[in-house]
Structure formats: C-alpha cells, structure tokens
file model-v3.txt (compact mmCIF, C-alpha atoms)
# COMPACT_ATOMS: atom_id res chain seq x y z
CA MET A 85 135.73 97.19 111.07
CA GLY A 86 132.06 97.35 110.32
CA MET A 87 132.17 98.82 106.84
CA ASP A 88 128.63 99.03 105.51
CA SER A 89 127.99 96.52 102.82
CA ASP A 90 125.44 94.09 101.53
CA ILE A 91 127.91 91.27 101.67
CA LYS A 92 126.60 88.15 103.39
CA LEU A 93 129.28 86.57 105.51
CA ILE A 94 127.30 83.53 106.58
CA ASP A 95 125.16 81.47 104.21
CA GLU A 96 121.86 79.73 104.91
CA ASN A 97 123.68 76.49 105.88
CA GLY A 98 125.55 78.30 108.62
CA LEU A 99 128.83 78.21 106.74
CA ARG A 100 131.21 81.08 106.17
CA LEU A 101 132.41 82.53 102.88
CA ASP A 102 135.22 80.01 102.52
CA GLY A 103 133.00 77.14 103.67
CA ARG A 104 134.34 77.00 107.20
CA LYS A 105 132.25 76.37 110.31
CA PHE A 106 132.16 79.00 113.07
CA ASP A 107 134.86 77.29 115.11
CA GLU A 108 137.08 76.18 112.27
CA LEU A 109 140.62 77.41 111.66
CA ARG A 110 142.15 77.98 108.25
CA GLU A 111 144.83 75.48 107.31
CA ILE A 112 148.10 76.12 109.13
CA LYS A 113 151.48 74.77 108.10
CA ILE A 114 154.76 75.54 109.85
CA GLU A 115 158.27 74.64 108.87
CA ALA A 116 161.16 75.33 111.26
CA GLY A 117 164.77 76.02 110.34
CA VAL A 118 164.18 77.25 106.81
CA LEU A 119 166.90 79.92 106.76
CA GLN A 120 170.52 78.82 106.72
CA ARG A 121 172.16 81.91 108.09
CA ALA A 122 169.71 82.81 110.84
CA ASP A 123 170.18 81.25 114.28
CA GLY A 124 166.60 80.10 114.16
CA SER A 125 163.79 80.50 111.67
CA ALA A 126 160.29 79.43 110.74
CA TYR A 127 158.02 79.69 107.73
CA LEU A 128 154.32 79.67 108.32
CA THR A 129 151.37 79.54 106.00
CA TRP A 130 148.00 80.22 107.53
CA GLY A 131 145.26 80.15 104.93
CA GLU A 132 146.40 82.77 102.45
CA ASN A 133 148.90 84.27 104.89
CA LYS A 134 152.56 83.60 104.34
CA VAL A 135 154.97 84.65 107.09
CA MET A 136 158.69 84.16 107.54
CA ALA A 137 160.38 84.67 110.91
CA ALA A 138 164.11 84.76 111.62
CA VAL A 139 165.85 84.96 114.99
CA TYR A 140 169.38 86.18 115.63
CA GLY A 141 171.09 86.24 118.96
CA PRO A 142 171.44 86.71 121.80
CA ARG A 143 174.01 89.10 120.37
CA GLU A 144 175.56 92.42 121.12
CA LEU A 145 173.06 95.26 121.04
CA HIS A 146 173.80 98.40 119.07
CA PRO A 147 173.37 101.28 119.74
CA ARG A 148 174.89 100.68 123.13
CA HIS A 149 172.62 103.14 124.93
CA ALA A 150 169.73 100.82 124.13
CA GLN A 151 171.37 98.04 126.13
CA ASN A 152 169.91 97.06 129.45
CA PRO A 153 172.60 96.13 131.97
CA SER A 154 170.32 93.68 133.76
CA LYS A 155 168.61 91.90 130.89
CA ALA A 156 168.45 91.24 127.18
CA VAL A 157 166.18 93.25 124.91
CA VAL A 158 163.85 91.40 122.59
CA GLN A 159 163.55 93.38 119.39
CA ALA A 160 160.87 92.12 117.07
CA ARG A 161 160.40 93.77 113.70
CA TYR A 162 157.16 93.08 111.89
CA ASN A 163 157.34 94.08 108.28
CA MET A 164 154.90 93.68 105.42
CA ALA A 165 156.34 93.14 101.99
CA ALA A 166 155.29 95.65 99.35
CA PHE A 167 153.64 92.80 97.44
CA SER A 168 151.88 91.28 100.44
CA VAL A 169 148.54 92.97 99.79
CA SER A 170 146.51 93.58 96.64
CA ASP A 171 147.30 97.31 96.53
CA ARG A 172 151.03 97.89 96.76
CA LYS A 173 151.98 98.58 100.35
CA ARG A 174 154.37 101.45 100.74
CA PRO A 175 157.50 99.78 102.11
CA GLY A 176 158.95 100.61 105.49
CA PRO A 177 157.60 100.93 108.99
CA ASP A 178 154.24 102.61 109.39
CA ARG A 179 151.91 103.26 112.30
CA ARG A 180 150.43 99.78 112.11
CA SER A 181 153.62 97.77 111.80
CA VAL A 182 155.35 99.74 114.56
CA GLU A 183 152.43 98.88 116.82
CA ILE A 184 152.53 95.20 115.92
CA SER A 185 156.30 95.07 116.36
CA LYS A 186 155.92 96.48 119.85
CA LEU A 187 153.14 94.03 120.73
CA ILE A 188 155.16 91.07 119.54
CA SER A 189 158.33 92.23 121.30
CA GLU A 190 156.45 92.56 124.56
CA ALA A 191 154.72 89.22 124.17
CA LEU A 192 158.01 87.44 123.46
CA GLU A 193 159.89 89.22 126.22
CA GLU A 194 157.37 87.64 128.55
CA ILE A 195 158.61 84.11 127.79
CA VAL A 196 162.32 84.59 127.06
CA PHE A 197 164.70 84.34 130.03
CA VAL A 198 166.01 87.81 129.39
CA GLU A 199 167.94 88.06 132.68
CA GLN A 200 170.29 85.39 131.39
CA PHE A 201 171.83 87.66 128.76
CA PRO A 202 172.45 91.13 130.15
CA ARG A 203 173.26 93.84 127.59
CA ALA A 204 172.38 91.56 124.69
CA ALA A 205 169.68 91.71 122.05
CA VAL A 206 167.49 88.97 120.69
CA ASP A 207 166.45 90.07 117.23
CA VAL A 208 163.31 88.66 115.67
CA PHE A 209 162.61 89.64 112.09
CA ILE A 210 159.17 88.85 110.76
CA GLU A 211 158.37 89.32 107.11
CA VAL A 212 154.80 89.07 105.96
CA LEU A 213 155.02 87.88 102.38
CA GLU A 214 151.31 87.54 101.81
CA ALA A 215 148.65 88.99 104.05
CA SER A 216 145.07 87.95 104.41
CA ALA A 217 143.81 88.92 107.87
CA GLY A 218 145.27 87.68 111.14
CA THR A 219 148.88 88.40 110.29
CA ARG A 220 149.81 89.55 113.78
CA CYS A 221 148.73 86.18 115.15
CA ALA A 222 150.52 84.37 112.35
CA ALA A 223 153.63 86.49 112.97
CA LEU A 224 153.70 85.77 116.69
CA THR A 225 153.11 82.05 116.14
CA ALA A 226 155.97 81.88 113.64
CA ALA A 227 158.25 84.00 115.86
CA SER A 228 157.71 81.64 118.77
CA VAL A 229 158.75 78.63 116.68
CA ALA A 230 161.78 80.50 115.36
CA LEU A 231 162.85 81.38 118.93
CA ALA A 232 162.59 77.75 120.02
CA ASP A 233 164.49 76.71 116.91
CA ALA A 234 167.20 79.20 117.84
CA GLY A 235 167.61 77.46 121.20
CA ILE A 236 166.90 80.59 123.18
CA PRO A 237 165.98 79.81 126.79
CA MET A 238 162.25 80.35 127.22
CA SER A 239 159.79 79.50 129.94
CA ASP A 240 157.19 78.46 127.38
CA MET A 241 156.05 78.90 123.83
CA ILE A 242 153.36 81.24 122.58
CA ALA A 243 150.49 80.34 120.32
CA SER A 244 148.21 82.96 118.88
CA CYS A 245 144.88 83.12 117.14
CA ALA A 246 142.06 85.58 116.55
CA ALA A 247 138.33 85.33 117.03
CA GLY A 248 135.70 87.83 116.00
CA LYS A 249 132.10 88.58 115.21
CA ILE A 250 130.51 88.47 111.80
CA ASP A 251 126.84 88.86 110.96
CA GLY A 252 126.02 88.65 114.65
CA HIS A 253 127.87 85.37 115.25
CA VAL A 254 131.07 84.88 117.18
CA VAL A 255 133.50 82.99 114.95
CA LEU A 256 137.10 81.86 114.98
CA ASP A 257 139.99 83.10 112.83
CA LEU A 258 138.53 85.79 110.59
CA GLY A 259 139.37 85.75 106.90
CA GLN A 260 140.08 88.82 104.79
CA LYS A 261 136.47 89.70 103.93
CA GLU A 262 135.22 88.80 107.40
CA ASP A 263 137.83 91.12 108.86
CA ASN A 264 136.86 93.97 106.54
CA PHE A 265 133.09 93.64 106.77
CA GLY A 266 132.66 91.94 110.15
CA GLU A 267 131.75 93.56 113.42
CA ALA A 268 134.68 92.74 115.70
CA ASP A 269 138.13 91.16 115.74
CA VAL A 270 139.89 89.88 118.86
CA PRO A 271 143.49 88.72 118.36
CA LEU A 272 144.74 86.71 121.31
CA ALA A 273 148.02 85.09 122.24
CA ILE A 274 148.45 82.72 125.14
CA VAL A 275 151.02 80.50 126.75
CA PRO A 276 149.25 77.18 126.11
CA ARG A 277 150.58 75.43 129.20
CA THR A 278 149.37 77.99 131.71
CA ASP A 279 146.72 79.85 129.68
CA LYS A 280 148.53 83.09 130.49
CA VAL A 281 147.52 85.83 128.07
CA THR A 282 150.42 87.65 126.43
CA LEU A 283 148.53 89.57 123.79
CA LEU A 284 144.94 90.68 123.63
CA GLN A 285 143.37 93.36 121.48
CA MET A 286 139.85 94.13 120.42
CA ASP A 287 138.72 95.98 117.35
CA GLY A 288 134.98 96.60 117.22
CA ASP A 289 132.40 96.01 119.90
CA LEU A 290 131.40 92.83 121.69
CA THR A 291 129.12 92.23 124.63
CA THR A 292 130.65 90.54 127.67
CA GLU A 293 129.05 87.23 126.67
CA GLU A 294 130.29 87.52 123.11
CA PHE A 295 133.75 88.40 124.34
CA ASP A 296 133.84 85.37 126.63
CA LYS A 297 132.73 83.19 123.75
CA ALA A 298 135.42 84.69 121.49
CA MET A 299 138.08 84.09 124.16
CA GLU A 300 136.96 80.51 124.60
CA LEU A 301 137.14 79.86 120.85
CA ALA A 302 140.55 81.51 120.50
CA VAL A 303 142.07 79.76 123.51
CA GLY A 304 140.94 76.40 122.14
CA ALA A 305 142.43 77.23 118.75
CA CYS A 306 145.72 78.35 120.33
CA LYS A 307 146.09 74.90 121.85
CA GLU A 308 145.55 73.34 118.43
CA ILE A 309 148.16 75.68 116.99
CA TYR A 310 150.56 74.81 119.78
CA GLU A 311 150.50 71.19 118.62
CA ILE A 312 151.30 72.30 115.07
CA GLN A 313 154.22 74.34 116.43
CA ARG A 314 155.61 71.39 118.34
CA ASP A 315 155.19 69.17 115.33
CA ALA A 316 157.16 71.63 113.18
CA LEU A 317 160.06 71.59 115.62
CA LYS A 318 159.99 67.82 115.85
CA ARG A 319 160.24 67.51 112.08
CA ARG A 320 163.11 69.97 112.09
CA TYR A 321 165.02 67.79 114.51
CA SER A 322 164.56 64.60 112.49
CA THR A 323 166.16 66.19 109.44
CA SER A 324 169.07 68.06 111.05
CA LEU A 325 171.87 67.16 113.47
CA GLU A 326 175.09 67.17 111.55
CA GLY A 327 178.31 66.53 113.40
CA TYR A 328 181.17 68.96 113.39
CA GLU A 329 184.84 68.18 113.22
CA ASP A 330 186.52 67.62 116.56
CA PHE A 331 190.21 68.24 117.03
CA GLU A 332 192.07 66.18 119.54
CA GLU A 333 193.67 68.13 122.32
CA ASP A 334 197.13 67.19 123.47
CA GLU A 335 197.40 67.43 127.21
CA MET B 150 160.48 59.85 135.76
CA GLU B 151 163.10 57.70 134.05
CA GLU B 152 160.86 57.20 131.04
CA LEU B 153 161.55 60.83 130.12
CA LYS B 154 165.21 60.11 129.45
CA ASP B 155 166.24 61.06 125.90
CA LYS B 156 162.78 62.40 125.32
CA LEU B 157 162.32 65.42 123.10
CA VAL B 158 161.12 68.40 125.08
CA PHE B 159 159.95 71.89 124.17
CA PRO B 160 160.20 75.07 126.20
CA GLY B 161 157.80 74.69 129.12
CA ASP B 162 157.64 70.89 129.03
CA LYS B 163 157.98 68.99 132.28
CA VAL B 164 161.35 67.35 132.83
CA GLY B 165 160.99 66.11 136.39
CA THR B 166 160.00 66.95 139.91
CA HIS B 167 162.00 68.67 142.58
CA GLU B 168 161.72 65.65 144.88
CA GLU B 169 163.71 63.58 142.42
CA TRP B 170 166.09 65.97 140.69
CA MET B 171 167.76 69.32 140.99
CA PRO B 172 167.11 71.70 138.12
CA GLY B 173 170.23 71.41 135.96
CA GLU B 174 171.25 73.00 132.69
CA GLU B 175 168.61 74.65 130.52
CA THR B 176 165.85 73.96 133.02
CA TYR B 177 163.90 76.00 135.52
CA GLU B 178 161.78 75.17 138.50
CA GLU B 179 158.29 76.34 139.31
CA ASN B 180 156.15 75.06 142.19
CA GLY B 181 158.34 71.99 142.66
CA ILE B 182 158.23 70.95 139.03
CA ILE B 183 161.21 71.19 136.71
CA TYR B 184 160.53 72.48 133.20
CA SER B 185 162.69 72.73 130.11
CA LYS B 186 163.88 76.14 128.95
CA ILE B 187 164.66 75.02 125.46
CA PHE B 188 163.94 72.60 122.65
CA GLY B 189 166.21 69.64 123.30
CA LYS B 190 166.69 66.20 124.75
CA VAL B 191 166.31 65.22 128.41
CA GLU B 192 169.30 63.85 130.24
CA TYR B 193 169.68 62.94 133.90
CA ASP B 194 172.91 63.24 135.81
CA GLU B 195 172.77 60.42 138.36
CA ASP B 196 175.81 61.66 140.29
CA LYS B 197 174.71 65.24 140.76
CA LEU B 198 171.04 64.23 140.72
CA GLU B 199 170.38 66.87 138.12
CA ALA B 200 167.84 66.97 135.35
CA ASN B 201 169.37 68.58 132.25
CA VAL B 202 168.17 69.35 128.78
CA VAL B 203 170.68 69.16 125.95
CA PRO B 204 169.89 71.74 123.28
CA PHE B 205 169.96 70.96 119.56
CA ASN B 206 170.95 74.49 118.71
CA PRO B 207 172.80 75.85 121.73
CA VAL B 208 173.29 79.53 122.36
CA SER B 209 176.97 80.37 122.39
CA GLU B 210 178.22 80.80 125.92
CA VAL B 211 181.84 80.72 127.00
CA LYS B 212 182.61 78.06 129.60
CA ILE B 213 185.82 76.90 131.25
CA GLY B 214 187.57 74.41 128.99
CA ASP B 215 186.00 75.75 125.80
CA ILE B 216 188.18 76.31 122.77
CA ILE B 217 187.61 79.79 121.40
CA TYR B 218 188.68 81.73 118.34
CA GLY B 219 189.43 85.40 118.51
CA THR B 220 191.60 88.18 117.19
CA VAL B 221 194.40 89.92 119.03
CA ARG B 222 193.27 93.36 120.02
CA GLU B 223 196.17 94.64 122.05
CA ARG B 224 199.56 93.60 123.37
CA ARG B 225 200.87 94.95 126.62
CA LYS B 226 204.03 94.18 128.51
CA SER B 227 202.76 90.96 130.03
CA ILE B 228 199.29 90.37 128.62
CA VAL B 229 197.57 90.00 125.27
CA THR B 230 193.90 90.91 125.00
CA ILE B 231 191.85 88.93 122.54
CA ASP B 232 188.41 89.75 121.15
CA LEU B 233 186.44 86.54 121.41
CA ALA B 234 184.52 85.73 118.28
CA LEU B 235 183.51 82.09 118.27
CA VAL B 236 183.35 79.00 120.44
CA GLU B 237 184.55 75.86 118.69
CA GLY B 238 181.74 73.45 117.92
CA SER B 239 179.19 76.22 117.70
CA ASN B 240 178.37 78.02 114.50
CA ARG B 241 176.93 81.00 116.31
CA GLY B 242 178.83 84.09 117.32
CA ILE B 243 179.37 84.86 121.00
CA ALA B 244 176.36 86.64 122.45
CA MET B 245 178.11 89.58 123.98
CA ASP B 246 181.10 91.75 123.31
CA MET B 247 183.67 89.65 125.17
CA GLU B 248 187.35 90.00 125.55
CA GLY B 249 189.79 87.48 126.97
CA THR B 250 193.17 87.95 128.55
CA LEU B 251 196.18 85.84 127.79
CA HIS B 252 199.03 86.20 130.26
CA ILE B 253 202.61 85.94 129.07
CA SER B 254 203.17 82.88 131.23
CA LYS B 255 200.27 81.06 129.56
CA ILE B 256 201.41 81.63 125.99
CA SER B 257 203.50 78.51 125.54
CA ASP B 258 205.30 75.71 127.34
CA ASP B 259 208.65 77.44 127.29
CA TYR B 260 209.69 80.81 128.61
CA THR B 261 208.41 83.82 126.70
CA ASP B 262 210.70 86.81 126.86
CA GLN B 263 208.84 89.21 124.60
CA ILE B 264 205.15 89.06 123.66
CA MET B 265 206.14 90.73 120.38
CA ASP B 266 207.74 87.44 119.29
CA LYS B 267 204.50 85.52 119.82
CA TYR B 268 201.49 87.57 118.76
CA LEU B 269 200.71 90.52 116.56
CA LYS B 270 197.57 92.64 116.54
CA GLY B 271 194.99 91.13 114.19
CA ASP B 272 196.22 87.55 114.44
CA VAL B 273 193.48 84.93 114.62
CA VAL B 274 194.11 82.84 117.72
CA ARG B 275 192.80 79.49 118.86
CA ALA B 276 192.88 79.44 122.67
CA LYS B 277 191.45 77.59 125.61
CA VAL B 278 189.38 79.21 128.35
CA THR B 279 190.73 78.74 131.89
CA GLN B 280 188.51 81.18 133.75
CA VAL B 281 185.30 83.04 132.94
CA SER B 282 184.55 85.06 136.02
CA PRO B 283 185.37 87.82 136.94
CA SER B 284 187.32 88.00 133.68
CA VAL B 285 187.92 85.61 130.81
CA GLN B 286 191.40 84.13 131.04
CA LEU B 287 192.93 82.14 128.22
CA THR B 288 195.84 79.85 127.57
CA THR B 289 197.61 78.83 124.38
CA VAL B 290 199.84 76.18 125.94
CA GLY B 291 199.62 73.12 123.68
CA SER B 292 200.55 72.47 120.10
CA ASN B 293 197.04 72.89 118.68
CA LEU B 294 196.62 76.28 120.31
CA GLY B 295 198.07 79.57 119.16
CA VAL B 296 197.91 81.55 115.93
CA VAL B 297 195.83 79.92 113.20
CA ARG B 298 196.04 82.86 110.84
CA GLY B 299 198.75 85.52 110.96
CA TYR B 300 199.23 88.71 109.02
CA CYS B 301 202.49 90.25 107.89
CA PHE B 302 203.71 93.16 110.02
CA ASN B 303 204.78 94.98 106.91
CA CYS B 304 201.99 94.50 104.37
CA ARG B 305 199.20 92.89 106.45
CA LYS B 306 198.80 90.09 103.95
CA GLY B 307 198.18 86.54 105.11
CA MET B 308 201.33 84.56 105.78
CA GLU B 309 202.34 80.98 105.05
CA ARG B 310 203.72 78.64 107.60
CA THR B 311 207.24 77.37 107.01
CA GLY B 312 208.45 75.18 109.85
CA ASP B 313 207.99 77.11 113.05
CA THR B 314 207.99 80.55 111.49
CA LEU B 315 205.60 82.46 109.26
CA TYR B 316 206.70 83.65 105.85
CA CYS B 317 205.34 86.53 103.79
CA SER B 318 206.10 85.95 100.13
CA TYR B 319 205.33 89.55 99.18
CA CYS B 320 207.84 91.16 101.51
CA ASP B 321 210.16 88.16 101.81
CA ARG B 322 209.81 88.50 105.56
CA ARG B 323 209.98 85.86 108.20
CA GLU B 324 208.18 86.36 111.52
CA THR B 325 207.97 84.31 114.67
CA ARG B 326 204.68 83.43 116.34
CA LYS B 327 203.22 80.97 118.77
CA ILE B 328 201.90 78.92 115.86
CA SER B 329 199.16 76.35 116.22
CA LYS B 330 199.59 73.00 114.49
CA LEU B 331 196.28 73.81 112.82
CA TYR B 332 197.72 76.92 111.13
CA GLY B 333 196.09 77.42 107.75
CA ARG B 334 193.90 74.38 108.18
CA ILE B 335 190.96 76.17 109.68
CA THR B 336 188.25 77.93 107.73
CA LEU B 337 186.17 80.20 109.86
CA LYS B 338 182.75 80.94 108.57
CA SER B 339 181.45 84.23 109.78
CA LYS B 340 177.78 84.83 110.12
call {"tool": "encode", "arguments": {"input": "model-v3.txt", "output": "structure tokens"}}
result
Amino acid sequence: MGMDSDIKLIDENGLRLDGRKFDELREIKIEAGVLQRADGSAYLTWGENKVMAAVYGPRELHPRHAQNPSKAVVQARYNMAAFSVSDRKRPGPDRRSVEISKLISEALEEIVFVEQFPRAAVDVFIEVLEASAGTRCAALTAASVALADAGIPMSDMIASCAAGKIDGHVVLDLGQKEDNFGEADVPLAIVPRTDKVTLLQMDGDLTTEEFDKAMELAVGACKEIYEIQRDALKRRYSTSLEGYEDFEEDE
Amino acid sequence: MEELKDKLVFPGDKVGTHEEWMPGEETYEENGIIYSKIFGKVEYDEDKLEANVVPFNPVSEVKIGDIIYGTVRERRKSIVTIDLALVEGSNRGIAMDMEGTLHISKISDDYTDQIMDKYLKGDVVRAKVTQVSPSVQLTTVGSNLGVVRGYCFNCRKGMERTGDTLYCSYCDRRETRKISKLYGRITLKSK
C-alpha cells in the first residue's frame, strides 16, 4: 500500500485507469456446478481475476483429533496457482494464503449450520487461477455459491467486495494498479439479507468519514454481487436435474 | 403465502411465517419468520402444517426407510456390522463414519442358522434402514436386498451368480449368500 510513484490513478474526467467510475464494479460472472466430482462448485471471473471453488462434504474429518464432537469444521483452503501472477508464485501455502484461508473459514462457519453435522468437515477448496487484486473477496463470493450449490444448510449467503482510497478519493473494487499504488484497501464481506459483517480488513489509513464512505460503497456492491450469485444458482438449476434409476421394492 | 409454493429459494430466503406454518425440513425460524437453509424448492405440507424446502443437491443423511449400500465389516454370532457408504438415490457419500447393525433375525425371510452362510467380510450389501437412533439398524429381508457383490473366500475375486449361490470360476468354489436379485446389476460409482 502507498508505494511512491508518479502514476496517476484518476484522470481529469474523474475516471479510473480502466475507465471505471468511483462506484463501479469490474465485470463479474459466476457459473455454479462446473466440477463434476465435487459436491458443489463455482467458477467466478471478476475483472481479470479467475477463481474456482469446490466444496466437499459434510464428510468425515481426518485427522480425528481435529474433529469437534459438537459441530462440523469448515476448512477453507485458499491457494494461488503458480501462474496466477506475473512473477511465478512459489507454490504452496504461505503467510498470506494461510491468513486468507483462515478468514474465509471463519466467515463461512458463520453461515453454515455446523451443529447439524457433529464430527464432520466441510471442505472448501479455492484455487485462484488468475489474480488481479481483490482475490479474497472473489474467493469468498465463489465459495459461498459453491456451498449453496452443494446443498449445505446455511442461514444465508455471503457476498464480498472491497473498497479503497486512491489519489485521495474513496472508490469501489480496486484494480491491480490501484491496489499497489493506492492509499487504502478495505475488503468487506456481508450477509446481504441482514447486513451482518463476516469479514472486514483494512490495509492503509482512512479517516472515519472515508471509512464510512468505503463501507457504504462496499455494502452496496455486495448486494449487487448477491444478485449475481443468485442468478448463477438459478441458471445451474435450469440445466441440471437428472433422474436416477429407482428400483421397486417388494413388500 | 401460497404463492411461494414451488418457488426457488436460496439460503436465507423467506419461506413463510410462524403464524401459518411450522418450520419443516431444511428451514429455520428467526423472529417468527421461516427461512430456507438451502437452495431448493418450497413445498408446504398441509397435514402437518409444515413449510419445507426440497433441496436440489441434498446432503446425504441416513433416514428410516432409506436403502443403503455398505460393506460387511464384521460378523459376530448374531449380528453383522456394515460400514455404510452410500444412500441410494444420492451420489454423495455419507457424511460421517457410520456403521449399521444387521441382526441375524433380519437377514432373510426364513430362519438363519449360521451368519457364515449369508455374509462374508467385504461383501457389498444393499440393505434397508429400520432405525437410526441410538444406533443404525438394518434389514435385508426382501428379494432386492442382500449381497450385490460378493468375493470368494479363497481368492477374494469377484464371484458370479448362478441360481441362488455364488460361483468363483478361479477356484471352482460355490458359496452361499443372502443374494439380492440385483446381484451384479449395480455399478457403484465412488467419489
């Protein structure tokens, strides 16, 4: 955050580097049920970001000592592909991805009815195939769709989006350059129905007013994203539903 | 509220109010309003006055009356324990490590003298659930229930069905089982 540079993030017309307005999201597309062998899955493209999420479970949790006798454990694994960024990313978990995995697990555990499946695990695997700022929000948004696709009992869905500050202006959904050379980044995840916050971080400094403005922008965007999530699931339903063979019982 | 019938709902969507319905399957109640827990279709049970949501992709849970597939883990004097693997009609594995018990009296219609004549460790069994709590109890009474895949005692290779016995062509052995009519006709896909 706040690397010194001469780069101008906002032009004289008040538009950003990629021509967006301050409160404009990048283009988001979600497809649910893309993986055959996962219980639920989603593929999300968010501007240049490409994220795949797969859900397995509830299933038996190994190692057994990690089991919780009163509830299920939501295990999210956020992973960036080696080819997801312009310099090769060293594969495997690192400080950053462990942190994001934990954040996402905790956010999802908030909405899943974990008490319903004692001793079980709900595994969420998130692969970032291409990264261009805001991947944790993209990951959580995709994970939420994948969980719903997997039919896991949840109290709500989660939508997530970031806001930030560039060149002294509070803007929505920072792009790669804005993230690198901007002044602040605030990723936020909410439950759209109740406005409950399940994830909130802040990198950089904002005044109270700026923070409120950033929150307002991000919450509004999350509601937009929520509609895209619902739409993805709806489309999934219209193309699936195959019958299975029923045997007649003799009794 | 009737206009919600058959409507597509997402987790957290309103399904009904507590004044009208009881929260049924895959729903929860908060401040007198019933919400869906899952992505599915709304259905109302007029008799029980319950609001239910039918999932498109249900999580595998074992219920009374379900047909399950499992493998024989252990045979005792009067019971067979079976590791439950799959519920019929669901392509997802069972959520937890579950084991079911099959009592000697519930193996078949006629009298069973020795469990050894009916099941062998490793056999794949199609059985019906008769109880889930406090323990899972199973039955294989009925011609569609019983062994759907059996392995030779001698060489552990898969056996063919000939009449009401199983035949191993490698060892030229014949073994007796409680054979299901569906023997050899079922392909189980494992995830």
call {"tool": "closest_atom_pairs", "arguments": {"input": "model-v3.txt", "of": "chain B", "to": "chain A", "cutoff": "9 Å", "atoms": "only C-alpha atoms", "output": "Markdown table"}}
result
| residue | atom | partner | partner_atom | distance |
| --- | --- | --- | --- | --- |
| B:Leu157 | CA | A:Lys318 | CA | 8.0 |
| B:Phe159 | CA | A:Arg314 | CA | 7.3 |
| B:Pro160 | CA | A:Asp240 | CA | 4.7 |
| B:Gly161 | CA | A:Asp240 | CA | 4.2 |
| B:Asp162 | CA | A:Asp240 | CA | 7.8 |
| B:Glu175 | CA | A:Pro237 | CA | 6.9 |
| B:Thr176 | CA | A:Pro237 | CA | 8.5 |
| B:Tyr177 | CA | A:Ser239 | CA | 7.8 |
| B:Tyr184 | CA | A:Ser239 | CA | 7.8 |
| B:Ser185 | CA | A:Ser239 | CA | 7.4 |
| B:Lys186 | CA | A:Pro237 | CA | 4.7 |
| B:Ile187 | CA | A:Pro237 | CA | 5.1 |
| B:Phe188 | CA | A:Ala232 | CA | 5.9 |
| B:Gly189 | CA | A:Gly235 | CA | 8.2 |
| B:Pro204 | CA | A:Gly235 | CA | 6.5 |
| B:Phe205 | CA | A:Gly235 | CA | 7.1 |
| B:Asn206 | CA | A:Gly235 | CA | 5.1 |
| B:Pro207 | CA | A:Gly235 | CA | 5.5 |
| B:Val208 | CA | A:Gly235 | CA | 6.2 |
| B:Ser209 | CA | A:Pro142 | CA | 8.4 |
| B:Glu237 | CA | A:Asp330 | CA | 8.7 |
| B:Gly238 | CA | A:Tyr328 | CA | 6.4 |
| B:Ser239 | CA | A:Tyr328 | CA | 8.7 |
| B:Asn240 | CA | A:Asp123 | CA | 8.8 |
| B:Arg241 | CA | A:Asp123 | CA | 7.1 |
| B:Gly242 | CA | A:Arg143 | CA | 7.6 |
| B:Ile243 | CA | A:Arg143 | CA | 6.9 |
| B:Ala244 | CA | A:Arg143 | CA | 4.0 |
| B:Met245 | CA | A:Glu144 | CA | 4.8 |
| B:Asp246 | CA | A:Glu144 | CA | 6.0 |
| B:Gly291 | CA | A:Asp334 | CA | 6.4 |
| B:Ser292 | CA | A:Asp334 | CA | 7.1 |
| B:Asn293 | CA | A:Glu333 | CA | 6.9 |
| B:Leu294 | CA | A:Glu333 | CA | 8.9 |
| B:Lys340 | CA | A:Arg121 | CA | 6.7 |
call {"tool": "residues_around", "arguments": {"input": "model-v3.txt", "residues": "stretch 177-183 of chain A", "least_positions_apart": "5", "cutoff": "9 Å", "atoms": "only C-alpha atoms", "output": "PyMOL selection string"}}
result
chain A and resi 161-164+188
call {"tool": "residues_around", "arguments": {"input": "model-v3.txt", "residues": "B:Thr261", "least_positions_apart": "3", "cutoff": "12 Å", "atoms": "all atoms listed in the file", "output": "number ranges by chain"}}
result
B: 226-228, 252-258, 264-268, 290, 326-327
call {"tool": "write_last_selection", "arguments": {"input": "model-v3.txt", "atoms": "C-alpha atoms", "output": "PDB file, in the frame of the given file"}}
result
ATOM      1  CA  LYS B 226     204.030  94.180 128.510  1.00  0.00           C
ATOM      2  CA  SER B 227     202.760  90.960 130.030  1.00  0.00           C
ATOM      3  CA  ILE B 228     199.290  90.370 128.620  1.00  0.00           C
ATOM      4  CA  HIS B 252     199.030  86.200 130.260  1.00  0.00           C
ATOM      5  CA  ILE B 253     202.610  85.940 129.070  1.00  0.00           C
ATOM      6  CA  SER B 254     203.170  82.880 131.230  1.00  0.00           C
ATOM      7  CA  LYS B 255     200.270  81.060 129.560  1.00  0.00           C
ATOM      8  CA  ILE B 256     201.410  81.630 125.990  1.00  0.00           C
ATOM      9  CA  SER B 257     203.500  78.510 125.540  1.00  0.00           C
ATOM     10  CA  ASP B 258     205.300  75.710 127.340  1.00  0.00           C
ATOM     11  CA  ILE B 264     205.150  89.060 123.660  1.00  0.00           C
ATOM     12  CA  MET B 265     206.140  90.730 120.380  1.00  0.00           C
ATOM     13  CA  ASP B 266     207.740  87.440 119.290  1.00  0.00           C
ATOM     14  CA  LYS B 267     204.500  85.520 119.820  1.00  0.00           C
ATOM     15  CA  TYR B 268     201.490  87.570 118.760  1.00  0.00           C
ATOM     16  CA  VAL B 290     199.840  76.180 125.940  1.00  0.00           C
ATOM     17  CA  ARG B 326     204.680  83.430 116.340  1.00  0.00           C
ATOM     18  CA  LYS B 327     203.220  80.970 118.770  1.00  0.00           C
TER      19      LYS B 327
END
call {"tool": "closest_residue", "arguments": {"input": "model-v3.txt", "among": "A:Val254, A:Leu119, A:Ala246, A:Ala215", "to": "A:Ser170", "atoms": "all atoms listed in the file"}}
result
A:Ala215
call {"tool": "closest_residue", "arguments": {"input": "model-v3.txt", "among": "B:Val229, B:Val221, B:Ala234, B:Leu331", "to": "B:Gln263", "atoms": "all atoms listed in the file"}}
result
B:Val229
call {"tool": "decode", "arguments": {"input": "model-v3.txt", "residues": "stretch 225-241 of chain B", "atoms": "C-alpha atoms", "output": "CSV table (one decimal), in the first residue's frame"}}
result
chain,number,residue,atom,x,y,z
B,225,ARG,CA,-20.4,-62.0,15.2
B,226,LYS,CA,-22.6,-64.8,16.5
B,227,SER,CA,-25.9,-63.0,15.9
B,228,ILE,CA,-25.1,-59.7,14.2
B,229,VAL,CA,-23.3,-58.4,11.1
B,230,THR,CA,-21.8,-54.9,11.2
B,231,ILE,CA,-21.8,-53.0,8.0
B,232,ASP,CA,-19.9,-49.9,7.1
B,233,LEU,CA,-22.4,-47.6,5.4
B,234,ALA,CA,-21.1,-46.0,2.3
B,235,LEU,CA,-23.9,-44.6,0.2
B,236,VAL,CA,-27.6,-43.9,0.3
B,237,GLU,CA,-29.5,-44.9,-2.8
B,238,GLY,CA,-30.6,-42.0,-4.9
B,239,SER,CA,-27.8,-39.8,-3.7
B,240,ASN,CA,-24.5,-39.6,-5.4
B,241,ARG,CA,-22.7,-38.3,-2.3
